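To be precise, the following lines are coords_16.csv, and they hold CSV, C-alpha atoms.
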chain,number,residue,atom,x,y,z
A,1237,MET,CA,133.7,150.1,87.1
A,1238,PRO,CA,135.6,147.0,88.0
A,1239,GLN,CA,138.0,145.8,85.4
A,1240,ARG,CA,138.8,142.3,86.6
A,1241,ILE,CA,136.9,139.9,88.7
A,1242,LEU,CA,138.2,136.7,90.3
A,1243,ASN,CA,135.5,134.0,91.0
A,1244,ILE,CA,136.6,131.6,93.7
A,1245,VAL,CA,134.6,128.4,93.4
A,1246,GLU,CA,134.8,126.0,96.3
A,1247,SER,CA,131.5,124.0,96.5
A,1248,ALA,CA,131.5,121.0,94.3
A,1249,TYR,CA,128.7,118.8,92.9
A,1250,ARG,CA,126.0,120.9,94.5
A,1251,GLY,CA,122.9,120.6,92.4
A,1252,THR,CA,125.0,119.6,89.3
A,1253,ILE,CA,122.9,116.7,88.3
A,1254,GLU,CA,119.7,118.7,88.2
A,1255,GLU,CA,121.4,121.7,86.6
A,1256,GLN,CA,123.5,119.5,84.3
A,1257,ASP,CA,126.3,121.9,85.0
A,1258,ASP,CA,127.9,123.8,87.9
A,1259,THR,CA,125.8,126.9,88.4
A,1260,VAL,CA,128.8,129.1,89.2
A,1261,ILE,CA,130.9,127.8,86.2
A,1262,TRP,CA,127.8,128.5,84.0
A,1263,PHE,CA,127.5,132.0,85.5
A,1264,ALA,CA,131.1,132.8,84.8
A,1265,TYR,CA,130.8,131.5,81.2
A,1266,THR,CA,127.7,133.7,80.7
A,1267,LEU,CA,129.2,136.8,82.2
A,1268,LYS,CA,132.3,136.4,80.0
A,1269,GLY,CA,130.0,136.3,77.1
A,1270,ALA,CA,128.4,139.5,78.3
A,1271,GLY,CA,131.8,141.2,78.3
A,1272,ALA,CA,133.1,140.6,81.8
A,1273,GLU,CA,136.8,140.2,82.4
A,1274,LEU,CA,137.0,137.4,84.8
A,1275,ASP,CA,139.0,134.4,85.9
A,1276,VAL,CA,138.1,131.4,88.0
A,1277,LEU,CA,140.0,129.9,90.9
A,1278,LEU,CA,139.0,126.4,92.0
A,1279,ARG,CA,139.7,125.6,95.6
A,1280,ALA,CA,138.8,122.9,98.1
A,1281,ASN,CA,136.6,120.2,96.6
A,1282,ALA,CA,135.9,122.2,93.5
A,1283,VAL,CA,139.5,121.4,92.3
A,1284,ASN,CA,138.0,118.0,91.4
A,1285,TYR,CA,136.1,119.8,88.6
A,1286,ALA,CA,139.3,119.9,86.6
A,1287,VAL,CA,139.6,116.1,86.6
A,1288,VAL,CA,139.5,114.4,83.2
A,1289,GLY,CA,136.9,111.7,82.8
A,1290,GLN,CA,134.2,112.6,85.3
A,1291,ASP,CA,131.2,110.5,84.3
A,1292,ALA,CA,127.8,111.2,85.7
A,1293,SER,CA,125.9,109.4,82.9
A,1294,GLY,CA,123.4,106.7,83.3
A,1295,LEU,CA,120.9,108.0,85.8
A,1296,SER,CA,117.3,107.3,85.4
A,1297,PHE,CA,114.3,107.9,87.7
A,1298,GLY,CA,111.6,105.4,86.8
A,1299,GLU,CA,111.5,105.6,83.0
A,1300,ARG,CA,112.9,109.1,82.8
A,1301,ARG,CA,116.5,108.9,81.8
A,1302,GLN,CA,118.9,111.8,82.1
A,1303,THR,CA,120.2,112.2,78.5
A,1304,GLN,CA,122.6,115.1,79.1
A,1305,PRO,CA,124.5,114.5,82.3
A,1306,PRO,CA,126.9,117.2,83.5
A,1307,ARG,CA,130.3,117.2,82.0
A,1308,ILE,CA,132.0,119.8,84.1
A,1309,ASP,CA,135.5,119.2,82.8
A,1310,GLU,CA,134.2,120.0,79.3
A,1311,ASP,CA,132.5,123.1,80.7
A,1312,LEU,CA,135.9,124.3,82.1
A,1313,LEU,CA,137.4,123.7,78.7
A,1314,ARG,CA,134.7,125.9,77.2
A,1315,LEU,CA,135.6,128.6,79.8
A,1316,ILE,CA,139.2,128.4,78.9
A,1317,ASP,CA,138.4,128.5,75.2
A,1318,ARG,CA,136.4,131.7,75.9
A,1319,GLY,CA,139.5,133.3,77.4
A,1320,VAL,CA,138.9,132.7,81.1
A,1321,GLN,CA,141.9,131.8,83.1
A,1322,VAL,CA,141.1,128.7,85.2
A,1323,LEU,CA,143.4,128.2,88.2
A,1324,ALA,CA,143.4,125.5,90.9
A,1325,VAL,CA,145.0,125.6,94.3
A,1326,ALA,CA,148.0,123.2,94.2
A,1327,GLU,CA,147.8,121.9,97.7
A,1328,ASP,CA,144.0,121.2,97.4
A,1329,LEU,CA,144.8,119.1,94.4
A,1330,ALA,CA,147.6,117.2,96.1
A,1331,GLU,CA,145.6,116.6,99.3
A,1332,ARG,CA,143.0,115.0,97.1
A,1333,GLY,CA,145.5,112.7,95.4
A,1334,LEU,CA,145.4,114.6,92.1
A,1335,GLU,CA,148.4,114.9,89.8
A,1336,PRO,CA,148.8,117.2,86.8
A,1337,SER,CA,148.2,114.3,84.5
A,1338,ASP,CA,144.7,113.8,86.0
A,1339,LEU,CA,143.6,117.3,84.9
A,1340,ILE,CA,142.3,118.8,81.8
A,1341,THR,CA,144.7,120.8,79.7
A,1342,GLY,CA,144.8,124.5,80.4
A,1343,VAL,CA,144.2,124.6,84.1
A,1344,LYS,CA,147.0,126.4,85.9
A,1345,THR,CA,147.9,125.7,89.5
A,1346,THR,CA,148.7,128.3,92.1
A,1347,PRO,CA,150.1,127.7,95.6
A,1348,ARG,CA,148.0,128.4,98.7
A,1349,SER,CA,150.7,130.8,99.9
A,1350,GLY,CA,150.2,132.9,96.8
A,1351,LEU,CA,146.5,133.6,97.3
A,1352,ALA,CA,146.9,136.9,99.0
A,1353,ARG,CA,149.0,138.2,96.1
A,1354,LEU,CA,146.6,136.7,93.6
A,1355,LEU,CA,143.6,138.6,95.1
A,1356,GLU,CA,145.5,141.8,94.9
A,1357,SER,CA,145.5,141.7,91.2
A,1358,TYR,CA,141.7,141.8,90.9
A,1359,ASP,CA,139.3,144.6,91.4
A,1360,GLN,CA,136.7,142.4,92.9
A,1361,VAL,CA,136.7,138.9,94.3
A,1362,TRP,CA,133.5,136.9,94.3
A,1363,HIS,CA,133.7,134.0,96.7
A,1364,TRP,CA,131.1,131.4,95.8
B,751,MET,CA,119.2,160.4,94.2
B,752,ALA,CA,122.1,161.1,91.8
B,753,ASP,CA,124.4,161.5,94.8
B,754,ARG,CA,123.5,158.2,96.3
B,755,LYS,CA,125.9,155.3,96.1
B,756,THR,CA,124.7,152.0,94.9
B,757,LEU,CA,125.5,148.6,96.3
B,758,THR,CA,124.7,145.3,94.5
B,759,PHE,CA,124.0,142.0,96.3
B,760,ALA,CA,123.7,138.6,94.7
B,761,PHE,CA,122.4,135.7,96.8
B,762,MET,CA,121.4,132.1,96.1
B,763,ASP,CA,119.5,130.6,99.0
B,764,ALA,CA,115.9,129.6,99.1
B,765,PRO,CA,113.9,130.8,102.2
B,766,TYR,CA,113.7,128.8,105.4
B,767,GLU,CA,116.8,126.8,104.7
B,768,ASN,CA,119.5,128.7,106.5
B,769,GLU,CA,120.4,132.1,107.9
B,770,ARG,CA,121.9,133.6,104.8
B,771,THR,CA,118.6,134.6,103.4
B,772,THR,CA,117.8,136.6,106.5
B,773,THR,CA,121.2,138.2,106.5
B,774,THR,CA,120.9,139.2,102.9
B,775,LEU,CA,117.6,141.0,103.6
B,776,ARG,CA,119.2,142.6,106.7
B,777,LEU,CA,122.0,144.0,104.5
B,778,VAL,CA,119.5,145.4,102.0
B,779,ASP,CA,117.5,147.0,104.8
B,780,CYS,CA,120.6,148.4,106.4
B,781,ALA,CA,121.8,149.8,103.0
B,782,LEU,CA,118.5,151.5,102.3
B,783,LYS,CA,118.4,153.0,105.8
B,784,ARG,CA,122.0,154.3,105.3
B,785,GLY,CA,120.8,156.1,102.2
B,786,PHE,CA,122.0,153.8,99.4
B,787,ASN,CA,120.4,152.5,96.3
B,788,VAL,CA,120.4,148.8,96.2
B,789,ASN,CA,120.4,146.1,93.4
B,790,VAL,CA,119.6,142.6,94.3
B,791,PHE,CA,120.2,139.7,91.9
B,792,ALA,CA,118.3,136.6,93.2
B,793,TYR,CA,120.0,133.6,91.7
B,794,GLU,CA,119.1,129.9,92.0
B,795,GLY,CA,117.0,129.1,95.1
B,796,ALA,CA,116.8,132.8,96.0
B,797,VAL,CA,114.2,133.3,93.4
B,798,ALA,CA,111.8,131.7,95.9
B,799,VAL,CA,112.3,134.5,98.4
B,800,ALA,CA,109.8,136.8,96.6
B,801,PHE,CA,107.5,134.0,95.6
B,802,ALA,CA,103.9,135.3,95.7
B,803,LYS,CA,102.3,132.1,97.0
B,804,GLN,CA,104.0,131.8,100.3
B,805,ALA,CA,101.4,131.5,103.1
B,806,PRO,CA,101.7,131.7,106.8
B,807,HIS,CA,100.7,129.0,109.2
B,808,ALA,CA,99.8,128.4,112.9
B,809,ASN,CA,102.3,127.1,115.4
B,810,ALA,CA,101.0,124.4,117.7
B,811,MET,CA,104.1,124.2,119.7
B,812,HIS,CA,103.7,127.9,120.5
B,813,GLY,CA,99.9,127.4,121.0
B,814,ARG,CA,99.2,130.2,118.5
B,815,ASP,CA,97.0,130.3,115.4
B,816,ALA,CA,98.2,131.8,112.2
B,817,ALA,CA,97.2,135.3,113.1
B,818,GLN,CA,98.7,135.2,116.5
B,819,GLU,CA,101.9,133.6,115.3
B,820,ASP,CA,102.3,136.3,112.7
B,821,HIS,CA,104.6,133.9,110.9
B,822,PRO,CA,106.8,135.8,108.5
B,823,ASN,CA,106.8,135.0,104.8
B,824,PRO,CA,110.0,136.5,103.2
B,825,LYS,CA,107.9,137.9,100.4
B,826,GLU,CA,106.4,140.3,102.9
B,827,TRP,CA,109.9,141.4,104.0
B,828,VAL,CA,110.8,141.9,100.3
B,829,ALA,CA,107.7,144.0,99.8
B,830,ALA,CA,108.5,146.0,102.9
B,831,LEU,CA,112.0,146.7,101.6
B,832,LEU,CA,110.6,147.9,98.3
B,833,LYS,CA,108.3,150.2,100.2
B,834,GLU,CA,111.2,151.4,102.4
B,835,ALA,CA,113.1,152.3,99.3
B,836,GLU,CA,110.2,154.2,97.9
B,837,THR,CA,109.6,156.1,101.2
B,838,ARG,CA,113.3,157.1,101.2
B,839,GLY,CA,113.4,158.1,97.5
B,840,ALA,CA,115.9,155.3,96.9
B,841,LYS,CA,116.0,152.6,94.3
B,842,LEU,CA,115.7,148.9,95.1
B,843,ASP,CA,116.1,147.0,91.8
B,844,TRP,CA,115.3,143.3,92.5
B,845,VAL,CA,116.0,141.0,89.6
B,846,GLN,CA,115.0,137.3,89.5
B,847,CYS,CA,117.3,135.2,87.4
B,848,GLY,CA,114.9,134.1,84.7
B,849,LEU,CA,116.3,130.6,84.0
B,850,CYS,CA,116.4,129.9,87.7
B,851,VAL,CA,112.7,130.9,87.9
B,852,ASP,CA,111.8,128.7,85.0
B,853,GLU,CA,113.5,125.6,86.2
B,854,ARG,CA,111.9,126.0,89.6
B,855,GLY,CA,108.4,126.9,88.3
B,856,ALA,CA,108.7,129.9,90.5
B,857,GLY,CA,107.3,132.4,88.1
B,858,GLU,CA,104.8,134.1,90.4
B,859,TRP,CA,106.4,136.8,92.5
B,860,ILE,CA,105.3,139.9,94.3
B,861,ALA,CA,104.9,143.3,92.6
B,862,GLY,CA,108.0,145.4,92.3
B,863,VAL,CA,110.4,142.5,91.5
B,864,ARG,CA,111.4,141.8,87.9
B,865,ARG,CA,112.7,139.0,85.7
B,866,GLY,CA,116.2,139.3,84.4
B,867,SER,CA,119.4,137.4,83.6
B,868,PRO,CA,123.1,137.4,84.4
B,869,ALA,CA,123.4,140.3,81.9
B,870,ASP,CA,121.4,142.4,84.4
B,871,PHE,CA,123.8,141.3,87.2
B,872,TRP,CA,126.8,142.3,85.1
B,873,LYS,CA,125.2,145.7,84.4
B,874,PHE,CA,124.6,146.1,88.1
B,875,VAL,CA,128.2,145.3,88.8
B,876,GLN,CA,129.4,147.8,86.3
B,877,GLU,CA,127.2,150.6,87.5
B,878,SER,CA,127.4,150.2,91.3
B,879,ASP,CA,130.0,151.2,93.8
B,880,ASN,CA,130.5,147.6,95.1
B,881,THR,CA,129.2,144.1,94.9
B,882,LEU,CA,128.9,141.4,97.5
B,883,VAL,CA,128.1,137.8,96.5
B,884,ILE,CA,126.5,135.7,99.2
B,885,PRO,CA,126.8,132.1,98.0
B,886,THR,CA,124.9,129.1,99.1
B,887,LYS,CA,126.7,126.0,100.5
C,21,MET,CA,147.6,147.9,99.1
C,22,ALA,CA,143.9,147.5,99.4
C,23,ASP,CA,141.1,147.3,102.1
C,24,TYR,CA,139.5,143.9,102.5
C,25,LEU,CA,136.3,142.9,104.3
C,26,LEU,CA,136.2,139.1,104.9
C,27,ILE,CA,132.8,138.1,106.1
C,28,GLU,CA,132.9,134.7,107.9
C,29,SER,CA,129.5,133.1,108.4
C,30,ARG,CA,130.7,129.7,109.3
C,31,ASP,CA,132.4,128.3,112.5
C,32,PRO,CA,135.4,126.1,113.1
C,33,PHE,CA,133.4,123.6,115.2
C,34,GLU,CA,131.4,122.5,112.2
C,35,CYS,CA,133.5,123.5,109.3
C,36,ASN,CA,137.2,122.9,108.9
C,37,ASP,CA,137.3,125.2,105.9
C,38,VAL,CA,137.0,128.2,108.1
C,39,LEU,CA,140.8,127.7,108.8
C,40,TYR,CA,141.4,128.5,105.1
C,41,PHE,CA,139.5,131.8,105.4
C,42,TYR,CA,141.3,132.8,108.6
C,43,GLU,CA,144.6,132.1,107.0
C,44,LEU,CA,143.6,134.1,103.9
C,45,ALA,CA,142.8,137.0,106.2
C,46,ALA,CA,146.2,136.7,108.0
C,47,SER,CA,148.2,136.5,104.8
C,48,LEU,CA,146.4,139.5,103.3
C,49,ALA,CA,147.3,141.4,106.4
C,50,ARG,CA,150.9,140.2,106.3
C,51,GLU,CA,151.0,141.6,102.7
C,52,ARG,CA,150.2,145.0,104.4
C,53,ASN,CA,146.6,145.2,103.3
C,54,LYS,CA,144.0,146.6,105.7
C,55,VAL,CA,141.9,143.6,106.6
C,56,THR,CA,138.7,143.3,108.6
C,57,MET,CA,137.1,140.0,109.4
C,58,PHE,CA,133.4,140.4,110.2
C,59,LEU,CA,132.0,137.4,112.0
C,60,ILE,CA,128.3,136.8,111.4
C,61,GLN,CA,125.7,134.0,111.9
C,62,ASN,CA,127.5,130.9,113.3
C,63,GLY,CA,130.8,132.6,112.5
C,64,VAL,CA,130.5,134.4,115.9
C,65,LEU,CA,130.5,131.2,117.9
C,66,PRO,CA,134.3,131.1,118.4
C,67,ALA,CA,134.1,134.7,119.6
C,68,ARG,CA,132.6,133.5,122.9
C,69,ARG,CA,135.8,132.7,124.9
C,70,CYS,CA,136.5,129.1,124.3
C,71,SER,CA,139.1,126.6,123.1
C,72,ARG,CA,138.8,127.9,119.5
C,73,SER,CA,139.2,131.6,120.4
C,74,GLU,CA,142.9,131.2,120.1
C,75,LEU,CA,142.4,131.0,116.3
C,76,LEU,CA,141.0,134.6,116.5
C,77,SER,CA,144.0,135.7,118.6
C,78,THR,CA,146.3,134.5,115.9
C,79,LEU,CA,144.3,136.6,113.4
C,80,ASN,CA,144.5,139.6,115.6
C,81,ASN,CA,148.3,139.2,116.1
C,82,ALA,CA,148.6,139.1,112.3
C,83,GLY,CA,147.0,142.6,112.2
C,84,VAL,CA,143.4,141.6,111.3
C,85,GLU,CA,140.6,143.7,112.8
C,86,LEU,CA,138.0,141.4,114.3
C,87,LEU,CA,134.4,142.4,114.4
C,88,ALA,CA,131.3,140.4,115.3
C,89,ASP,CA,127.7,141.1,114.2
C,90,ASP,CA,125.9,142.3,117.3
C,91,PHE,CA,122.6,140.7,116.2
C,92,SER,CA,124.3,137.3,115.7
C,93,LEU,CA,125.9,137.6,119.1
C,94,ARG,CA,122.6,138.4,120.8
C,95,GLU,CA,120.8,135.8,118.8
C,96,ARG,CA,123.2,133.2,120.3
C,97,GLY,CA,123.2,134.6,123.8
C,98,ILE,CA,126.9,135.7,123.7
C,99,ALA,CA,127.2,138.5,126.1
C,100,THR,CA,129.8,141.2,125.6
C,101,ASP,CA,131.6,140.2,128.8
C,102,ARG,CA,132.1,136.7,127.4
C,103,LEU,CA,133.7,137.8,124.2
C,104,ALA,CA,137.3,136.9,123.4
C,105,ALA,CA,139.3,140.0,124.0
C,106,GLU,CA,140.2,140.6,120.4
C,107,VAL,CA,136.7,140.7,119.1
C,108,ARG,CA,134.5,143.8,119.1
C,109,PRO,CA,130.7,143.7,118.6
C,110,ALA,CA,129.7,145.8,115.6
C,111,SER,CA,126.6,146.7,113.7
C,112,LEU,CA,125.9,145.4,110.2
C,113,GLU,CA,126.2,149.0,109.2
C,114,VAL,CA,130.0,148.5,109.2
C,115,VAL,CA,129.6,146.0,106.4
C,116,ILE,CA,127.5,148.5,104.4
C,117,ASP,CA,129.9,151.4,105.0
C,118,ARG,CA,133.0,149.4,104.1
C,119,LEU,CA,131.3,148.2,100.9
C,120,ALA,CA,130.5,151.7,100.1
C,121,HIS,CA,134.1,152.7,100.6
C,122,GLY,CA,135.2,150.1,98.1
C,123,CYS,CA,136.5,147.3,100.2
C,124,LYS,CA,137.1,144.1,98.4
C,125,ALA,CA,134.4,142.0,100.1
C,126,LEU,CA,134.4,138.2,100.3
C,127,TRP,CA,131.8,136.1,101.9
C,128,HIS,CA,132.6,132.6,103.3
Taking this structure as input, can you express it in the form of C-alpha cells?
Amino acid sequence: MPQRILNIVESAYRGTIEEQDDTVIWFAYTLKGAGAELDVLLRANAVNYAVVGQDASGLSFGERRQTQPPRIDEDLLRLIDRGVQVLAVAEDLAERGLEPSDLITGVKTTPRSGLARLLESYDQVWHW
Amino acid sequence: MADRKTLTFAFMDAPYENERTTTTLRLVDCALKRGFNVNVFAYEGAVAVAFAKQAPHANAMHGRDAAQEDHPNPKEWVAALLKEAETRGAKLDWVQCGLCVDERGAGEWIAGVRRGSPADFWKFVQESDNTLVIPTK
Amino acid sequence: MADYLLIESRDPFECNDVLYFYELAASLARERNKVTMFLIQNGVLPARRCSRSELLSTLNNAGVELLADDFSLRERGIATDRLAAEVRPASLEVVIDRLAHGCKALWH
C-alpha cells in the first residue's frame, strides 16, 4: 500500500470556469479527506494557481450569471489547511515573472534541479 | 485469482478527442491478457467512454455505409474488455466518477460499469500493486 | 534507488514541455535510479532519425533506457531501420510488466 503520493499538476485553467475549481486540486482535496497522504507540486503554468488575487468573476451567458467563479488560490489554501504540502517549482515561477510576494501564504518553492530527489521521497507520483 | 496482481488506471479523456483514450484501453487489454486484474477509474470526460448511447455512422469519404464502415464506438471496446476479463477469470472493475457523470448528463452507461467516487479510486490505489494516472491536456 | 517508468506521449516539435520530462528522466538517472523512457503516441516522432533525435541521444548518454511503442511507430510509418540508434521498439507489455514490478510510473 503506498504511503505517500506526490501529485504533479501542470495544466492550468483547463475547464476551471465550468468546474468552478481545478479538477486535480479538487481531487487531491477529496482524497486527503479520504485518508490519503499526499502532496501537490505545481509546475509549468499551474504555478500561477498560487497567485493571490486571481479573479474570474463576472461572467454571464445571456441572463445566466456565474455566481460562484473559481477561486483557485483559496482552494490551495484549503488544501494547505488540510495538511497537504503545496510546492511550486521556483524557476517556473520566476520565468512567469512571479515573486514570493505574489503568492498565497504557505506555498513552498523547490528548485527544478531538486525534482529527482523530491520524487524519490514518494511511493507513487501521479503526473496530471 | 488470489495470486493475480492488480493494476489501477485513472484516465480523463472523452472519446474521439485524442489518442490517450485508445492507449488507455490498449493498456487495460494488455494487462488482462497478461493475467492481471484491472481497476479503471474514469474521471472527467472519460465517463463518456462507456456511454450507452454512442452510435456508429457511415463514412462517405470511404464510400461505406455504417455496417461496412464498422465504425467503432468505444463503449463496445469497453464491453469487450469486460468480457475478456470474464473469459480469463480476471476482474475488471470500471468505476465512473459520479460527479463527473452528473455534470455531463452522462448517466447511461453499458452494463458492467458502475458509479463511484474518488473514494473508490483511493481504495483501488491502496489495494492494487501499482497505479498509472493518464491525464488529459 | 528506485525504478522509474516515464511514459512520454508528446513530442518536442509541438510541445516545448517535453524537454522538462526528458531532463527529469536524465536527472533521475544521474541520481542512480533505473530509468526507462517509454515513447508512445506522438512521443515516438523524434525517434525517427531527425534533427530532434539528438535529444534522445542525450538521454541515452545519461543512462536512460529508451523504448518506443511498436504500435505507435507502425501507426506513424516509422520503420525500424529509420529509428535513432538509441531507441528500441517495444510492446506495450513492457509498460504492464514494469508497472506490475512496482516501477514509479509517470505519464506526460
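Using all atoms listed in the file, the smallest distance between any of B:Phe759, B:Tyr766, B:Val863, B:Ala781 and chain C comes from B:Ala781.
Proximity ranking of A:Lys1268, A:Arg1240, A:Arg1301, A:Arg1332 relative to A:Arg1314 places A:Lys1268 first, based on only C-alpha atoms.
Residue nearest C:Val107, chosen from C:Leu86, C:Leu25, C:Leu39, C:Cys123 and counting all atoms listed in the file: C:Leu86.
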Report as a compact mmCIF listing (two decimals) with C-alpha atoms, in the coordinates of the input the set of chain C residues whose atoms approach chain A to within 7 Å, with distances computed over only C-alpha atoms.
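Heads up, here's the output in result35.txt:
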# COMPACT_ATOMS: atom_id res chain seq x y z
CA LEU C 44 143.60 134.10 103.90
CA SER C 47 148.20 136.50 104.80
CA LEU C 48 146.40 139.50 103.30
CA LYS C 124 137.10 144.10 98.40
CA ALA C 125 134.40 142.00 100.10
CA LEU C 126 134.40 138.20 100.30
CA TRP C 127 131.80 136.10 101.90
CA HIS C 128 132.60 132.60 103.30
- Skipping near chain neighbours, those fewer than 5 positions away, what residues fall within 9 Å of A:Asp1275 using all atoms listed in the file, listed as a VMD selection string? chain A and resid 1240 to 1244 1264 1319 to 1323
- Using only C-alpha atoms, find the residues of chain B whose closest atom to chain A is at most 9 Å away, then write them as a list in words.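 Taking only C-alpha atoms into account, Glu794, Glu853, Pro868, Ala869, Phe871, Trp872, Val875, Gln876, Glu877, Ser878, Asp879, Asn880, Thr881, Leu882, Val883, Ile884, Pro885, Thr886 and Lys887 of chain B sit within 9 Å of chain A.
Here atom CA of A:Arg1307 stands at a distance of 22.4 Å from atom CA of B:Met762.
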Contact check, chain C to chain B, at most 10 Å, counting all atoms listed in the file, closest pairs as a tab-separated table:
residue	atom	partner	partner_atom	distance
C:Ile27	CA	B:Ile884	CA	9.6
C:Ser29	CA	B:Arg770	CA	8.4
C:Ile60	CA	B:Thr773	CA	8.7
C:Gln61	CA	B:Glu769	CA	6.9
C:Asn62	CA	B:Glu769	CA	9.0
C:Ser92	CA	B:Thr773	CA	9.7
C:Ser111	CA	B:Cys780	CA	9.6
C:Leu112	CA	B:Leu777	CA	7.0
C:Glu113	CA	B:Cys780	CA	6.3
C:Val114	CA	B:Cys780	CA	9.8
C:Val115	CA	B:Leu777	CA	8.1
C:Ile116	CA	B:Ala781	CA	6.0
C:Asp117	CA	B:Arg784	CA	8.4
C:Arg118	CA	B:Asn880	CA	9.5
C:Leu119	CA	B:Asn880	CA	5.9
C:Ala120	CA	B:Asp879	CA	6.3
C:His121	CA	B:Asp879	CA	8.1
C:Gly122	CA	B:Asn880	CA	6.1
C:Cys123	CA	B:Asn880	CA	7.9
C:Lys124	CA	B:Asn880	CA	8.2
C:Ala125	CA	B:Leu882	CA	6.1
C:Leu126	CA	B:Leu882	CA	7.0
C:Trp127	CA	B:Ile884	CA	6.0
C:His128	CA	B:Pro885	CA	7.9
- Message: Just to confirm, what's the straight-line distance from atom CA of B:Arg864 to atom CA of A:Leu1315 in Å (one decimal)?
- Response: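 For atom CA of B:Arg864 relative to atom CA of A:Leu1315, the distance reads 28.7 Å.
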- Task: Name the residues within 10 Å of (147.8, 140.1, 111.1), counting all atoms listed in the file in the file's coordinates, and put them as a VMD selection string.
- Result: chain C and resid 43 45 to 56 77 to 85
Output C-alpha atoms of each residue in that selection to a file, as a tab-separated table (two decimals), keeping the file's coordinate frame.
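Here's the written file result_34.tsv:
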chain	number	residue	atom	x	y	z
C	43	GLU	CA	144.60	132.10	107.00
C	45	ALA	CA	142.80	137.00	106.20
C	46	ALA	CA	146.20	136.70	108.00
C	47	SER	CA	148.20	136.50	104.80
C	48	LEU	CA	146.40	139.50	103.30
C	49	ALA	CA	147.30	141.40	106.40
C	50	ARG	CA	150.90	140.20	106.30
C	51	GLU	CA	151.00	141.60	102.70
C	52	ARG	CA	150.20	145.00	104.40
C	53	ASN	CA	146.60	145.20	103.30
C	54	LYS	CA	144.00	146.60	105.70
C	55	VAL	CA	141.90	143.60	106.60
C	56	THR	CA	138.70	143.30	108.60
C	77	SER	CA	144.00	135.70	118.60
C	78	THR	CA	146.30	134.50	115.90
C	79	LEU	CA	144.30	136.60	113.40
C	80	ASN	CA	144.50	139.60	115.60
C	81	ASN	CA	148.30	139.20	116.10
C	82	ALA	CA	148.60	139.10	112.30
C	83	GLY	CA	147.00	142.60	112.20
C	84	VAL	CA	143.40	141.60	111.30
C	85	GLU	CA	140.60	143.70	112.80
- Across A:Gly1298, A:Gly1289, A:Gly1251, A:Gly1342, the smallest distance to A:Ile1316, with all atoms listed in the file counted, is shown by A:Gly1342
- Please return, as a PyMOL selection string, all polymer residues that have at least one atom within 7 Å of the point (137.2, 119.6, 85.5); use all atoms listed in the file and the file's own coordinate frame. chain A and resi 1284-1288+1308-1310+1312+1339-1340
- Could you work out how far atom CA of B:Pro806 lies from atom CA of C:Gly97, giving the answer in Å with one decimal?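 For atom CA of C:Gly97 relative to atom CA of B:Pro806, the distance reads 27.6 Å.
Proximity ranking of B:Ala817, B:Ala861, B:Ala829, B:Ala792 relative to B:Trp844 places B:Ala792 first, based on all atoms listed in the file.
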Mind checking which residues fall within 10 Å of B:Lys803, counting all atoms listed in the file, ignoring those fewer than 6 positions away in the same chain, and posting them as a PDB file with C-alpha atoms, keeping the file's coordinate frame?
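Writing done, so here's around23.pdb:
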ATOM      1  CA  ASN B 823     106.800 135.000 104.800  1.00  0.00           C
ATOM      2  CA  LYS B 825     107.900 137.900 100.400  1.00  0.00           C
ATOM      3  CA  ALA B 856     108.700 129.900  90.500  1.00  0.00           C
ATOM      4  CA  GLU B 858     104.800 134.100  90.400  1.00  0.00           C
ATOM      5  CA  TRP B 859     106.400 136.800  92.500  1.00  0.00           C
ATOM      6  CA  ILE B 860     105.300 139.900  94.300  1.00  0.00           C
TER       7      ILE B 860
END
- 6 Å contact set for stretch 847-852 of chain B, all atoms listed in the file, chain neighbours under 4 positions out, as a PyMOL selection string: chain B and resi 793-794+856-857+865-867
